[in-house]
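Data from data-v2.cif: mmCIF, C-alpha atoms
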data_upload
#
loop_
_atom_site.label_atom_id
_atom_site.label_comp_id
_atom_site.auth_asym_id
_atom_site.auth_seq_id
_atom_site.Cartn_x
_atom_site.Cartn_y
_atom_site.Cartn_z
CA MET X 174 -72.65 115.31 57.32
CA THR X 175 -75.89 113.32 57.20
CA THR X 176 -76.20 111.73 53.77
CA LEU X 177 -79.44 110.81 52.06
CA PHE X 178 -78.43 107.15 52.46
CA ARG X 179 -78.08 107.58 56.22
CA ARG X 180 -81.41 109.37 56.45
CA LEU X 181 -83.21 106.62 54.52
CA ILE X 182 -81.60 103.97 56.71
CA ASP X 183 -82.81 105.81 59.82
CA GLU X 184 -86.32 106.20 58.38
CA GLN X 185 -86.53 102.44 57.80
CA GLU X 186 -85.03 101.71 61.25
CA LEU X 187 -82.14 99.73 59.75
CA ARG X 188 -79.34 101.42 61.72
CA ASP X 189 -78.33 98.13 63.35
CA PRO X 190 -76.25 95.99 60.93
CA ARG X 191 -78.29 93.00 62.08
CA ALA X 192 -81.34 94.71 60.60
CA PHE X 193 -79.65 96.15 57.50
CA LEU X 194 -77.69 93.12 56.26
CA PRO X 195 -80.68 90.74 55.80
CA ARG X 196 -82.52 93.44 53.84
CA PHE X 197 -79.41 94.02 51.71
CA ARG X 198 -79.14 90.27 50.98
CA GLU X 199 -82.80 90.23 49.96
CA HIS X 200 -82.40 93.14 47.53
CA ALA X 201 -79.17 91.65 46.16
CA ARG X 202 -80.98 88.35 45.48
CA LEU X 203 -83.84 90.13 43.74
CA LEU X 204 -81.44 92.13 41.57
CA ALA X 205 -79.53 88.95 40.72
CA GLU X 206 -82.74 87.34 39.52
CA ARG X 207 -83.77 90.42 37.56
CA ASP X 208 -80.42 90.91 35.81
CA GLY X 209 -79.40 87.27 35.61
CA ASP X 210 -76.14 88.03 37.51
CA VAL X 211 -75.49 85.11 39.85
CA ARG X 212 -72.62 86.95 41.56
CA LEU X 213 -75.07 89.30 43.24
CA ALA X 214 -77.07 86.50 44.85
CA THR X 215 -74.45 85.99 47.58
CA LEU X 216 -73.26 89.60 47.89
CA GLU X 217 -73.12 90.84 51.48
CA PRO X 218 -71.01 93.67 52.96
CA ALA X 219 -69.26 93.31 56.29
CA ALA X 220 -70.88 95.06 59.26
CA SER X 221 -67.89 97.43 59.42
CA THR X 222 -68.37 98.30 55.74
CA PHE X 223 -72.01 99.19 56.37
CA GLU X 224 -70.92 101.38 59.30
CA ALA X 225 -68.51 103.20 56.97
CA TRP X 226 -71.34 103.72 54.45
CA TYR X 227 -73.65 104.98 57.19
CA TYR X 228 -71.19 107.62 58.42
CA GLY X 229 -70.22 108.71 54.90
CA GLN X 230 -66.63 107.48 55.27
CA ARG X 231 -66.69 105.17 52.25
CA LEU X 232 -68.51 104.67 48.97
CA PRO X 233 -69.77 101.18 48.07
CA ASN X 234 -67.97 99.12 45.44
CA ARG X 235 -69.45 98.60 42.00
CA ASP X 236 -71.74 95.65 42.76
CA ALA X 237 -72.97 97.07 46.08
CA ARG X 238 -73.79 100.32 44.31
CA ARG X 239 -76.06 98.45 41.90
CA VAL X 240 -77.93 96.91 44.82
CA LEU X 241 -78.36 100.19 46.69
CA VAL X 242 -79.48 102.10 43.60
CA ALA X 243 -82.09 99.44 42.81
CA TRP X 244 -83.21 99.33 46.45
CA PHE X 245 -83.60 103.06 47.15
CA GLY X 246 -84.30 104.36 43.65
CA HIS X 247 -81.61 107.06 43.74
CA SER X 248 -78.19 107.34 42.12
CA ILE X 249 -75.13 106.81 44.30
CA GLU X 250 -74.25 110.50 43.90
CA ARG X 251 -77.64 111.46 45.30
CA LEU X 252 -77.54 108.85 48.08
CA TRP X 253 -74.17 110.16 49.25
CA ALA X 254 -75.13 113.83 48.95
CA PRO X 255 -76.15 115.79 52.07
CA ALA X 256 -79.71 114.82 52.96
CA GLY X 257 -80.92 118.42 52.98
CA GLU X 258 -79.74 119.02 49.40
CA ALA X 259 -81.51 116.09 47.81
CA ALA X 260 -85.22 117.09 48.06
CA VAL X 261 -85.54 113.67 49.62
CA ALA X 262 -88.19 111.25 48.43
CA SER X 263 -89.80 109.51 51.38
CA ARG X 264 -90.98 105.93 51.52
CA GLY X 265 -94.37 106.98 50.22
CA GLY X 266 -92.80 108.77 47.25
CA ALA X 267 -93.72 112.32 48.33
CA LEU X 268 -91.06 115.00 48.36
CA ASP X 269 -89.61 115.83 51.74
CA LEU X 270 -90.29 119.54 51.59
CA GLU X 271 -89.14 119.98 55.15
CA GLY X 272 -85.62 118.90 54.19
CA ALA X 273 -85.63 121.09 51.09
CA ASP X 274 -86.90 124.10 53.07
CA LEU X 275 -84.24 123.54 55.72
CA HIS X 276 -81.55 123.59 53.04
CA GLU X 277 -82.92 126.85 51.61
CA MET X 278 -83.02 128.40 55.08
CA ARG X 279 -79.41 127.42 55.67
CA ARG X 280 -78.41 128.98 52.36
CA GLY X 281 -80.28 132.13 53.33
CA ALA X 282 -78.63 132.18 56.74
CA ALA X 283 -75.19 131.88 55.16
CA MET X 284 -75.93 134.76 52.76
CA ALA X 285 -77.22 136.88 55.65
CA ALA X 286 -74.09 136.12 57.67
CA ARG X 287 -71.86 137.28 54.79
CA ARG X 288 -73.93 140.46 54.46
CA ALA X 289 -73.56 141.08 58.20
CA ARG X 290 -69.82 140.57 57.89
CA ASP X 291 -69.57 143.12 55.08
CA PHE X 292 -71.59 145.58 57.15
CA ALA X 293 -69.38 145.11 60.21
CA LEU X 294 -66.18 145.51 58.20
CA GLY X 295 -67.38 148.75 56.66
CA ALA X 296 -69.28 150.26 59.59
CA GLU X 297 -66.39 150.73 61.99
CA GLN X 298 -65.06 153.86 60.38
CA GLY X 299 -61.87 155.54 61.52
CA GLN X 300 -60.73 152.77 63.82
CA LEU X 301 -60.82 149.00 63.70
CA GLY X 302 -63.32 147.75 66.25
CA ASP X 303 -63.37 144.65 68.41
CA GLU X 304 -66.28 143.14 66.46
CA THR X 305 -64.30 143.05 63.22
CA LEU X 306 -61.35 141.38 64.90
CA GLY X 307 -63.76 138.98 66.55
CA TYR X 308 -65.24 138.08 63.17
CA LEU X 309 -61.82 137.24 61.73
CA GLN X 310 -60.86 135.25 64.82
CA ASP X 311 -64.09 133.25 64.54
CA GLU X 312 -63.42 132.57 60.86
CA VAL X 313 -59.89 131.38 61.59
CA ARG X 314 -61.14 129.00 64.28
CA ARG X 315 -63.86 127.64 62.03
CA ILE X 316 -61.59 127.17 59.01
CA THR X 317 -58.86 125.60 61.13
CA GLU X 318 -61.29 123.13 62.64
CA GLN X 319 -63.05 122.17 59.41
CA TYR X 320 -60.17 122.16 56.91
CA PRO X 321 -58.94 118.57 57.59
CA ARG X 322 -62.49 117.20 57.70
CA VAL X 323 -64.42 118.55 54.72
CA PRO X 324 -63.90 118.81 50.95
CA LEU X 325 -61.99 121.95 50.01
CA PRO X 326 -64.78 123.44 47.81
CA THR X 327 -66.96 123.87 50.91
CA LEU X 328 -64.37 126.19 52.50
CA PHE X 329 -62.35 127.74 49.71
CA ASP X 330 -64.47 130.84 49.04
CA ASP X 331 -64.75 131.65 52.75
CA LEU X 332 -61.02 131.18 53.19
CA ALA X 333 -60.20 133.46 50.26
CA SER X 334 -62.61 136.13 51.52
CA ALA X 335 -61.26 136.06 55.05
CA GLN X 336 -57.67 136.29 53.82
CA SER X 337 -58.59 139.26 51.64
CA ASP X 338 -60.33 140.94 54.59
CA ALA X 339 -57.25 140.48 56.79
CA PHE X 340 -54.94 141.99 54.17
CA ARG X 341 -57.33 144.90 53.60
CA LEU X 342 -57.54 145.71 57.31
CA ILE X 343 -53.76 145.61 57.68
CA GLU X 344 -53.30 147.91 54.69
CA GLY X 345 -56.24 150.20 55.51
CA GLY X 346 -54.57 152.19 58.28
CA ARG X 347 -57.52 151.76 60.66
CA ALA X 348 -55.89 149.37 63.11
CA ARG X 349 -54.31 150.61 66.31
CA PRO X 350 -50.72 149.48 66.99
CA SER X 351 -51.99 147.08 69.66
CA GLN X 352 -54.25 145.44 67.05
CA MET X 353 -51.69 145.06 64.30
CA ARG X 354 -50.02 142.02 65.86
CA GLN X 355 -53.38 140.25 66.13
CA LEU X 356 -54.13 141.06 62.49
CA HIS X 357 -50.76 139.71 61.36
CA VAL X 358 -51.31 136.50 63.34
CA LEU X 359 -54.69 136.07 61.65
CA ALA X 360 -53.26 136.93 58.21
CA THR X 361 -50.53 134.33 58.78
CA LEU X 362 -53.01 131.60 59.65
CA LEU X 363 -55.30 132.43 56.73
CA SER X 364 -52.42 132.61 54.25
CA TRP X 365 -51.04 129.36 55.65
CA HIS X 366 -54.34 127.60 55.00
CA MET X 367 -54.61 129.22 51.57
CA ALA X 368 -51.14 127.90 50.74
CA LYS X 369 -52.25 124.45 51.85
CA ALA X 370 -55.40 124.80 49.73
CA CYS X 371 -53.43 125.70 46.61
CA HIS X 372 -51.10 122.79 47.28
CA ASP X 373 -54.08 120.45 47.67
CA LEU X 374 -55.36 121.70 44.31
CA GLY X 375 -52.02 120.85 42.71
CA ASP X 376 -50.91 124.46 42.21
CA GLU X 377 -47.44 124.48 43.75
CA SER X 378 -46.47 127.93 42.47
CA SER X 379 -49.45 129.67 44.09
CA ALA X 380 -49.00 127.57 47.22
CA MET X 381 -45.46 128.84 47.69
CA MET X 382 -46.55 132.45 47.07
CA HIS X 383 -49.14 132.18 49.83
CA ALA X 384 -46.61 130.47 52.11
CA ARG X 385 -44.19 133.37 51.62
CA ALA X 386 -46.99 135.84 52.39
CA ALA X 387 -47.65 133.84 55.57
CA GLY X 388 -43.97 134.06 56.43
CA VAL X 389 -43.97 137.85 56.07
CA SER X 390 -46.98 138.19 58.37
CA ALA X 391 -45.46 135.77 60.91
CA GLU X 392 -42.33 137.92 61.06
CA GLN X 393 -44.43 141.06 61.53
CA ALA X 394 -46.33 139.30 64.33
CA GLU X 395 -43.01 138.27 65.94
CA HIS X 396 -44.48 134.81 66.53
CA PRO X 397 -41.72 132.13 66.39
CA ALA X 398 -44.10 129.16 66.37
CA LEU X 399 -45.96 130.60 63.38
CA SER X 400 -42.68 131.15 61.53
CA ALA X 401 -41.68 127.56 62.27
CA LEU X 402 -45.09 126.42 61.02
CA VAL X 403 -44.55 128.25 57.73
CA HIS X 404 -41.19 126.51 57.20
CA GLY X 405 -42.94 123.21 57.86
CA LEU X 406 -45.57 123.98 55.23
CA LYS X 407 -42.89 124.85 52.66
CA SER X 408 -41.27 121.50 53.41
CA LEU X 409 -44.58 119.69 52.99
CA ILE X 410 -45.34 121.39 49.66
CA SER X 411 -41.87 120.52 48.36
CA TYR X 412 -42.13 116.93 49.59
CA TRP X 413 -45.38 116.16 47.79
CA SER X 414 -44.00 117.85 44.67
CA GLY X 415 -41.11 115.37 44.67
CA ARG X 416 -38.44 117.93 45.55
CA GLY X 417 -36.75 116.11 48.43
CA GLU X 418 -33.77 118.46 48.77
CA ASP X 419 -36.01 121.53 49.13
CA ALA X 420 -38.23 119.67 51.59
CA LEU X 421 -35.17 118.75 53.65
CA PHE X 422 -33.85 122.32 53.58
CA HIS X 423 -37.08 123.93 54.79
CA ALA X 424 -37.61 121.40 57.58
CA ARG X 425 -34.06 121.73 58.86
CA ARG X 426 -34.09 125.51 58.61
CA GLY X 427 -37.31 125.76 60.61
CA ALA X 428 -35.94 123.49 63.34
CA ALA X 429 -32.59 125.31 63.50
CA GLU X 430 -33.97 128.86 63.56
CA TYR X 431 -36.77 128.26 66.07
CA GLN X 432 -35.29 125.93 68.65
CA GLN X 433 -37.10 127.86 71.39
CA VAL X 434 -40.48 126.61 70.12
CA HIS X 435 -41.91 123.79 72.28
CA GLY X 436 -45.37 123.22 70.77
CA THR X 437 -46.00 120.21 68.55
CA VAL X 438 -44.65 122.07 65.52
CA SER X 439 -41.26 121.24 67.06
CA VAL X 440 -42.10 117.54 66.46
CA TRP X 441 -43.55 118.16 63.01
CA LEU X 442 -40.33 119.67 61.61
CA PRO X 443 -38.04 116.66 62.29
CA SER X 444 -40.84 114.33 61.13
CA LEU X 445 -40.94 116.26 57.87
CA GLU X 446 -37.15 116.03 57.73
CA ALA X 447 -37.34 112.24 58.13
CA ARG X 448 -39.75 111.87 55.21
CA ALA X 449 -37.66 114.17 53.01
CA ALA X 450 -34.49 112.24 53.83
CA ALA X 451 -36.26 108.99 53.02
CA LEU X 452 -37.43 110.44 49.69
CA LEU X 453 -33.74 111.05 48.93
CA GLY X 454 -32.78 107.53 50.02
CA ASP X 455 -30.85 108.73 53.09
CA ALA X 456 -31.69 106.01 55.62
CA ALA X 457 -29.25 107.27 58.27
CA GLY X 458 -30.54 110.85 58.04
CA ALA X 459 -34.12 109.66 58.20
CA ALA X 460 -33.43 107.54 61.30
CA ALA X 461 -31.71 110.45 63.04
CA ALA X 462 -34.67 112.73 62.30
CA VAL X 463 -37.14 110.14 63.61
CA GLU X 464 -35.15 109.98 66.86
CA GLN X 465 -35.09 113.76 67.06
CA ALA X 466 -38.87 113.89 66.67
CA ALA X 467 -39.27 111.39 69.52
CA ARG X 468 -37.02 113.51 71.77
CA ARG X 469 -38.94 116.67 70.94
CA ARG X 470 -42.22 114.88 71.69
CA GLU X 471 -41.04 114.30 75.27
CA ALA X 472 -40.40 118.04 75.69
CA VAL X 473 -43.65 119.31 74.11
CA GLU X 474 -45.46 122.16 75.85
CA PRO X 475 -48.71 122.82 73.94
CA ASP X 476 -48.99 126.38 72.64
CA ASP X 477 -51.64 128.58 71.06
CA LEU X 478 -51.35 126.76 67.72
CA ASP X 479 -52.03 123.43 69.41
CA GLU X 480 -55.03 124.98 71.07
CA LEU X 481 -56.46 125.93 67.66
CA GLY X 482 -55.99 122.33 66.50
CA GLY X 483 -56.71 121.15 62.98
CA LEU X 484 -53.60 121.06 60.81
CA LEU X 485 -51.84 123.44 63.22
CA THR X 486 -51.16 120.67 65.74
CA PHE X 487 -49.14 117.47 65.29
CA PRO X 488 -50.46 114.70 67.55
CA ALA X 489 -48.68 111.43 68.28
CA GLU X 490 -50.96 109.59 65.86
CA LYS X 491 -49.77 111.75 62.99
CA GLU X 492 -46.16 111.30 64.05
CA LEU X 493 -46.73 107.54 63.76
CA TYR X 494 -48.16 107.97 60.25
CA TYR X 495 -45.09 110.01 59.21
CA ARG X 496 -42.73 107.43 60.73
CA VAL X 497 -44.41 104.60 58.81
CA GLU X 498 -44.25 106.59 55.59
CA THR X 499 -40.55 107.23 56.15
CA GLN X 500 -39.91 103.49 56.46
CA VAL X 501 -42.10 102.67 53.47
CA LEU X 502 -40.19 105.16 51.31
CA LEU X 503 -36.97 103.42 52.32
CA GLY X 504 -38.41 100.09 51.20
CA GLN X 505 -38.65 98.74 54.72
CA GLY X 506 -41.46 96.77 56.22
CA ALA X 507 -43.77 93.88 55.61
CA THR X 508 -46.85 92.68 57.44
CA GLY X 509 -44.84 90.60 59.91
CA THR X 510 -42.38 93.35 60.84
CA ALA X 511 -42.50 96.27 63.25
CA THR X 512 -43.23 98.56 60.31
CA GLY X 513 -46.13 96.36 59.27
CA ALA X 514 -47.59 96.47 62.76
CA ALA X 515 -47.11 100.26 62.91
CA ALA X 516 -48.83 100.65 59.52
CA GLU X 517 -51.84 98.71 60.83
CA GLN X 518 -51.82 100.84 63.97
CA ALA X 519 -51.72 104.09 61.98
CA VAL X 520 -54.73 103.06 59.90
CA ALA X 521 -56.62 102.09 63.03
CA ALA X 522 -55.80 105.45 64.62
CA PHE X 523 -57.28 107.37 61.68
CA SER X 524 -60.34 105.15 61.19
CA ASN X 525 -62.53 107.10 63.62
CA PRO X 526 -63.79 110.38 62.10
CA ASP X 527 -64.95 111.51 65.53
CA ALA X 528 -61.40 111.58 66.88
CA PRO X 529 -60.23 115.19 67.41
CA PHE X 530 -57.08 114.67 65.31
CA TRP X 531 -58.82 112.89 62.42
CA ALA X 532 -58.23 114.13 58.88
CA PHE X 533 -59.40 112.41 55.72
CA GLY X 534 -56.01 113.09 54.10
CA ASP X 535 -54.10 111.43 56.93
CA GLU X 536 -56.36 108.39 56.86
CA ALA X 537 -55.87 108.10 53.10
CA GLY X 538 -52.08 108.44 53.44
CA ALA X 539 -51.95 105.84 56.20
CA ARG X 540 -54.03 103.45 54.09
CA CYS X 541 -51.77 103.88 51.07
CA ASN X 542 -48.74 103.11 53.24
CA LEU X 543 -50.42 99.96 54.53
CA ALA X 544 -51.25 98.94 50.95
CA VAL X 545 -47.56 99.20 49.99
CA VAL X 546 -46.54 97.25 53.10
CA ARG X 547 -48.94 94.45 52.20
CA LEU X 548 -47.55 94.35 48.68
CA HIS X 549 -44.16 93.48 50.20
CA ASP X 550 -45.78 90.19 51.23
CA ASN X 551 -47.67 89.85 47.95
CA GLU X 552 -50.97 90.22 49.85
CA LEU X 553 -52.97 91.56 46.94
CA ASP X 554 -56.39 91.11 48.56
CA GLY X 555 -55.14 92.90 51.67
CA THR X 556 -53.79 95.69 49.49
CA VAL X 557 -57.20 96.17 47.90
CA ASP X 558 -58.89 96.20 51.32
CA ALA X 559 -56.49 98.89 52.55
CA LEU X 560 -56.84 101.02 49.42
CA ARG X 561 -60.56 100.72 48.68
CA PRO X 562 -61.71 103.59 50.98
CA VAL X 563 -59.09 105.84 49.34
CA LEU X 564 -60.27 105.00 45.83
CA ASP X 565 -63.86 105.61 46.92
CA LEU X 566 -63.16 109.17 48.04
CA PRO X 567 -65.16 111.70 45.98
CA PRO X 568 -63.06 113.77 43.54
CA ALA X 569 -63.35 116.89 45.74
CA GLN X 570 -61.32 115.13 48.44
CA ARG X 571 -58.60 113.71 46.20
CA ASN X 572 -56.02 116.32 47.04
CA ARG X 573 -52.41 116.44 45.88
CA GLY X 574 -50.99 114.35 48.71
CA ILE X 575 -53.65 111.65 48.38
CA VAL X 576 -53.14 111.36 44.62
CA VAL X 577 -49.35 111.06 45.03
CA SER X 578 -49.81 108.42 47.75
CA ALA X 579 -52.10 106.42 45.48
CA GLN X 580 -49.57 106.70 42.67
CA ARG X 581 -46.95 105.18 44.98
CA VAL X 582 -49.19 102.15 45.35
CA HIS X 583 -49.46 102.05 41.55
CA ARG X 584 -45.68 101.95 41.22
CA ALA X 585 -45.38 99.28 43.89
CA LEU X 586 -47.97 97.20 42.04
CA GLY X 587 -45.84 97.47 38.91
CA HIS X 588 -42.96 95.76 40.73
CA SER X 589 -45.08 93.18 42.55
CA PRO X 590 -44.88 89.49 41.54
CA ALA X 591 -48.69 89.65 41.27
CA ARG X 592 -48.60 92.50 38.74
CA THR X 593 -49.83 90.28 35.88
CA SER X 594 -52.91 89.06 37.76
CA HIS X 595 -56.35 90.27 36.72
CA LEU X 596 -56.94 91.93 40.10
CA ALA X 597 -53.62 93.79 39.98
CA ARG X 598 -54.30 95.05 36.46
CA GLU X 599 -57.77 96.24 37.47
CA LEU X 600 -56.37 98.03 40.52
CA ARG X 601 -53.61 99.73 38.53
CA GLU X 602 -56.15 100.90 35.94
CA GLU X 603 -58.39 102.32 38.67
CA ILE X 604 -55.47 104.21 40.22
CA THR X 605 -54.44 105.51 36.77
CA GLN X 606 -57.86 107.14 36.41
CA TYR X 607 -57.94 108.34 40.02
CA ALA X 608 -56.69 111.93 39.76
CA PRO X 609 -59.43 114.59 39.49
CA THR X 610 -60.08 115.57 35.89
CA THR X 611 -60.67 119.24 36.64
CA PRO X 612 -57.57 121.47 36.43
CA PRO X 613 -56.37 123.08 39.65
CA ALA X 614 -57.67 126.53 40.44
CA THR X 615 -55.12 129.29 40.67
CA ALA X 616 -55.29 131.50 43.74
CA LEU X 617 -52.67 134.16 44.25
CA PRO X 618 -52.03 136.34 47.31
CA ARG X 619 -54.24 139.41 47.27
#
As structure tokens, how would this structure be written, given the file I've shared?
Amino acid sequence: MTTLFRRLIDEQELRDPRAFLPRFREHARLLAERDGDVRLATLEPAASTFEAWYYGQRLPNRDARRVLVAWFGHSIERLWAPAGEAAVASRGGALDLEGADLHEMRRGAAMAARRARDFALGAEQGQLGDETLGYLQDEVRRITEQYPRVPLPTLFDDLASAQSDAFRLIEGGRARPSQMRQLHVLATLLSWHMAKACHDLGDESSAMMHARAAGVSAEQAEHPALSALVHGLKSLISYWSGRGEDALFHARRGAAEYQQVHGTVSVWLPSLEARAAALLGDAAGAAAAVEQAARRREAVEPDDLDELGGLLTFPAEKELYYRVETQVLLGQGATGTATGAAAEQAVAAFSNPDAPFWAFGDEAGARCNLAVVRLHDNELDGTVDALRPVLDLPPAQRNRGIVVSAQRVHRALGHSPARTSHLARELREEITQYAPTTPPATALPR
């Protein structure tokens, strides 16, 4: 996504940090003089921080926001909105009608695409045609690819519509026997993502209902890897809801019942088991599951789920993140230990949004783990550095797992020797107010 901030930076040819930072210092000094705030006179972000602003990975902190708002004349919300949605004001003050028109055209194109979909779904009377199946397959690929990378509100309506379409086509009696398996595969994948969406919204009950619907479709499709994937999702939902025993049960059941599966879901299940065991305080069980995941990694043969990617594959980088979280839950690790080094490595792995395995939720989880590790050494400044990008996430991206991870940092802060310091109190207060204020939406299987 190209933000308004990025577009303005490009217009002023300030893409190079060596060009941007002197201009930032100048505007910070002017604002300091205007407001009589001497702290701003020496304010300067790191080059890496500017890069994160430029690519929309991070919001500025409070003081930097004041400088940018005064500099560009827009609120932070507008600066970090998509450039095409902002009716951008150019350097001369005139409205950028080209950007506004482009946004309207894109909205029109999306509406036209939905109308074409409705036409295609209704036009193939009597029998289900290849175009309708092709539409659903395209939607599944798109949703799978985008789900880990974009805020849920941008996908939720499309996901719900596609799931409803899949159910309707299965129940409509128009599909040939040879097409029913494909439809059940698609219904499984759409229900799986809908279950994940409900979980991310904090609605565990609806999430489990969608997961069970996914399980039914996976059985009808006779697709063992999909069935294993559904058990993994049930484990994940239970884990983030604090139900360690249920999380352990689903992970172990999936691994036991689908031993013939050799895609990366076979690594995900023991990794989920390790985290669940750690949540229950079972260090020996967690260690055994971590070893099992490593053995399964050596035997991986990528399958059709790995080919789709997104949350349906479990790369080595994500396995590392899970392993670190397992150790953190067991109270192991400090910055000078192997766990500390692995926590740093996990954050580094998820710091590049262009990486094919990147997901904003995994980066946030890895950063929260690193924050807890640094608290073991009473490195409060390092904790803040690790956690700041997480706290700067917009509310639409603060899903259930990210909020729970941040709350773990909050609890660790409460037991830290530095808990009475001003910085620790400020950080705990910010985490306390972190959860989205809007109630979770309820979405039931249709």
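Atom CA of Val389 of chain X is found 27.5 Å from atom CA of Ala462 of chain X.
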Query raised in the report: Which polymer residues have any atom within 12 Å of an atom of Arg179 of chain X, counting all atoms listed in the file, with same-chain residues fewer than 6 positions away left out, as a ChimeraX atom specification?
Result: /X:185-189,193,223-230,245,251-257,261
Requested in this report: Identify the residues within 9 Å of coordinate (-52.3, 139.0, 60.8) (same frame as the file), considering only C-alpha atoms, and give the answer as a ChimeraX atom specification.
Outcome: /X:339-340,343,353-363,387,390-391,393-394
Write out as a Markdown table the residues of segment 497-579 of chain X that have any atom within 8 Å of an atom of segment 589-606 of chain X, one row each with the nearest atom pair and its distance in Å to one decimal, counting only C-alpha atoms, sorted by chain and then rising number.
| residue | atom | partner | partner_atom | distance |
| --- | --- | --- | --- | --- |
| X:Leu548 | CA | X:Ser589 | CA | 6.7 |
| X:His549 | CA | X:Ser589 | CA | 7.7 |
| X:Asn551 | CA | X:Ala591 | CA | 6.8 |
| X:Leu553 | CA | X:Ala597 | CA | 7.3 |
| X:Val557 | CA | X:Leu600 | CA | 7.7 |
| X:Leu564 | CA | X:Ile604 | CA | 7.4 |
| X:Ala579 | CA | X:Ile604 | CA | 6.6 |
Output C-alpha atoms of each residue in that selection to a file, as a PDB file, keeping the file's coordinate frame.
ATOM      1  CA  LEU X 548     -47.550  94.350  48.680  1.00  0.00           C
ATOM      2  CA  HIS X 549     -44.160  93.480  50.200  1.00  0.00           C
ATOM      3  CA  ASN X 551     -47.670  89.850  47.950  1.00  0.00           C
ATOM      4  CA  LEU X 553     -52.970  91.560  46.940  1.00  0.00           C
ATOM      5  CA  VAL X 557     -57.200  96.170  47.900  1.00  0.00           C
ATOM      6  CA  LEU X 564     -60.270 105.000  45.830  1.00  0.00           C
ATOM      7  CA  ALA X 579     -52.100 106.420  45.480  1.00  0.00           C
TER       8      ALA X 579
END
Report summary line: One decimal place gives the atom CA of Ala528 of chain X-atom CA of Val403 of chain X separation as 25.4 Å
Requested in this report: Return as a PyMOL selection string the set of residues that the PyMOL selection byres ((chain X and resi 472-481) around 10) yields on the displayed structure.
Outcome: chain X and resi 313-315+317-318+362+398-399+402+434-440+467-471+482-488
**Report entry** Among listed residues X:Leu332, X:Leu177, X:Ala489, X:Ile410, nearest Lys369 of chain X (using only C-alpha atoms)
**Finding:**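 So, comparing all the options, the nearest one is X:Ile410.
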**Report entry** Separation of atom CA of Ala368 of chain X from atom CA of His383 of chain X, in Å and rounded to one decimal
**Finding:** 4.8 Å
Query raised in the report: Taking all atoms listed in the file into account, which of X:Phe422, X:Ser411, X:Pro350, X:Leu309 comes nearest Ala335 of chain X?
Result: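 Of all the options, X:Leu309 lies closest to Ala335 of chain X.
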Query raised in the report: Which neighbours of segment 490-500 of chain X fall inside 8 Å, counting all atoms listed in the file, when residues of the same chain fewer than 4 positions from it are skipped, and could you give them as an NGL selection string?
Result: :X and (440-441 or 444-445 or 447-448 or 451-452 or 459 or 463 or 504-506 or 512 or 515-516 or 519 or 522-523 or 530 or 535 or 538-539 or 542)
Query raised in the report: So, counting all atoms listed in the file, which residue among X:Ala424, X:Ala544, X:Ala585, X:Leu203 is closest to Leu409 of chain X?
Result: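 Nearest to Leu409 of chain X: X:Ala424.
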For a cutoff of 12 Å around the file-coordinate point (-72.6, 93.7, 51.3), which residues qualify once you count all atoms listed in the file? I'd like the result as a compact mmCIF listing (two decimals) with C-alpha atoms, keeping the file's coordinate frame.
# COMPACT_ATOMS: atom_id res chain seq x y z
CA PRO X 190 -76.25 95.99 60.93
CA PHE X 193 -79.65 96.15 57.50
CA LEU X 194 -77.69 93.12 56.26
CA PRO X 195 -80.68 90.74 55.80
CA ARG X 196 -82.52 93.44 53.84
CA PHE X 197 -79.41 94.02 51.71
CA ARG X 198 -79.14 90.27 50.98
CA GLU X 199 -82.80 90.23 49.96
CA HIS X 200 -82.40 93.14 47.53
CA ALA X 201 -79.17 91.65 46.16
CA ARG X 202 -80.98 88.35 45.48
CA ARG X 212 -72.62 86.95 41.56
CA LEU X 213 -75.07 89.30 43.24
CA ALA X 214 -77.07 86.50 44.85
CA THR X 215 -74.45 85.99 47.58
CA LEU X 216 -73.26 89.60 47.89
CA GLU X 217 -73.12 90.84 51.48
CA PRO X 218 -71.01 93.67 52.96
CA ALA X 219 -69.26 93.31 56.29
CA ALA X 220 -70.88 95.06 59.26
CA SER X 221 -67.89 97.43 59.42
CA THR X 222 -68.37 98.30 55.74
CA PHE X 223 -72.01 99.19 56.37
CA GLU X 224 -70.92 101.38 59.30
CA ALA X 225 -68.51 103.20 56.97
CA TRP X 226 -71.34 103.72 54.45
CA LEU X 232 -68.51 104.67 48.97
CA PRO X 233 -69.77 101.18 48.07
CA ASN X 234 -67.97 99.12 45.44
CA ARG X 235 -69.45 98.60 42.00
CA ASP X 236 -71.74 95.65 42.76
CA ALA X 237 -72.97 97.07 46.08
CA ARG X 238 -73.79 100.32 44.31
CA ARG X 239 -76.06 98.45 41.90
CA VAL X 240 -77.93 96.91 44.82
CA LEU X 241 -78.36 100.19 46.69
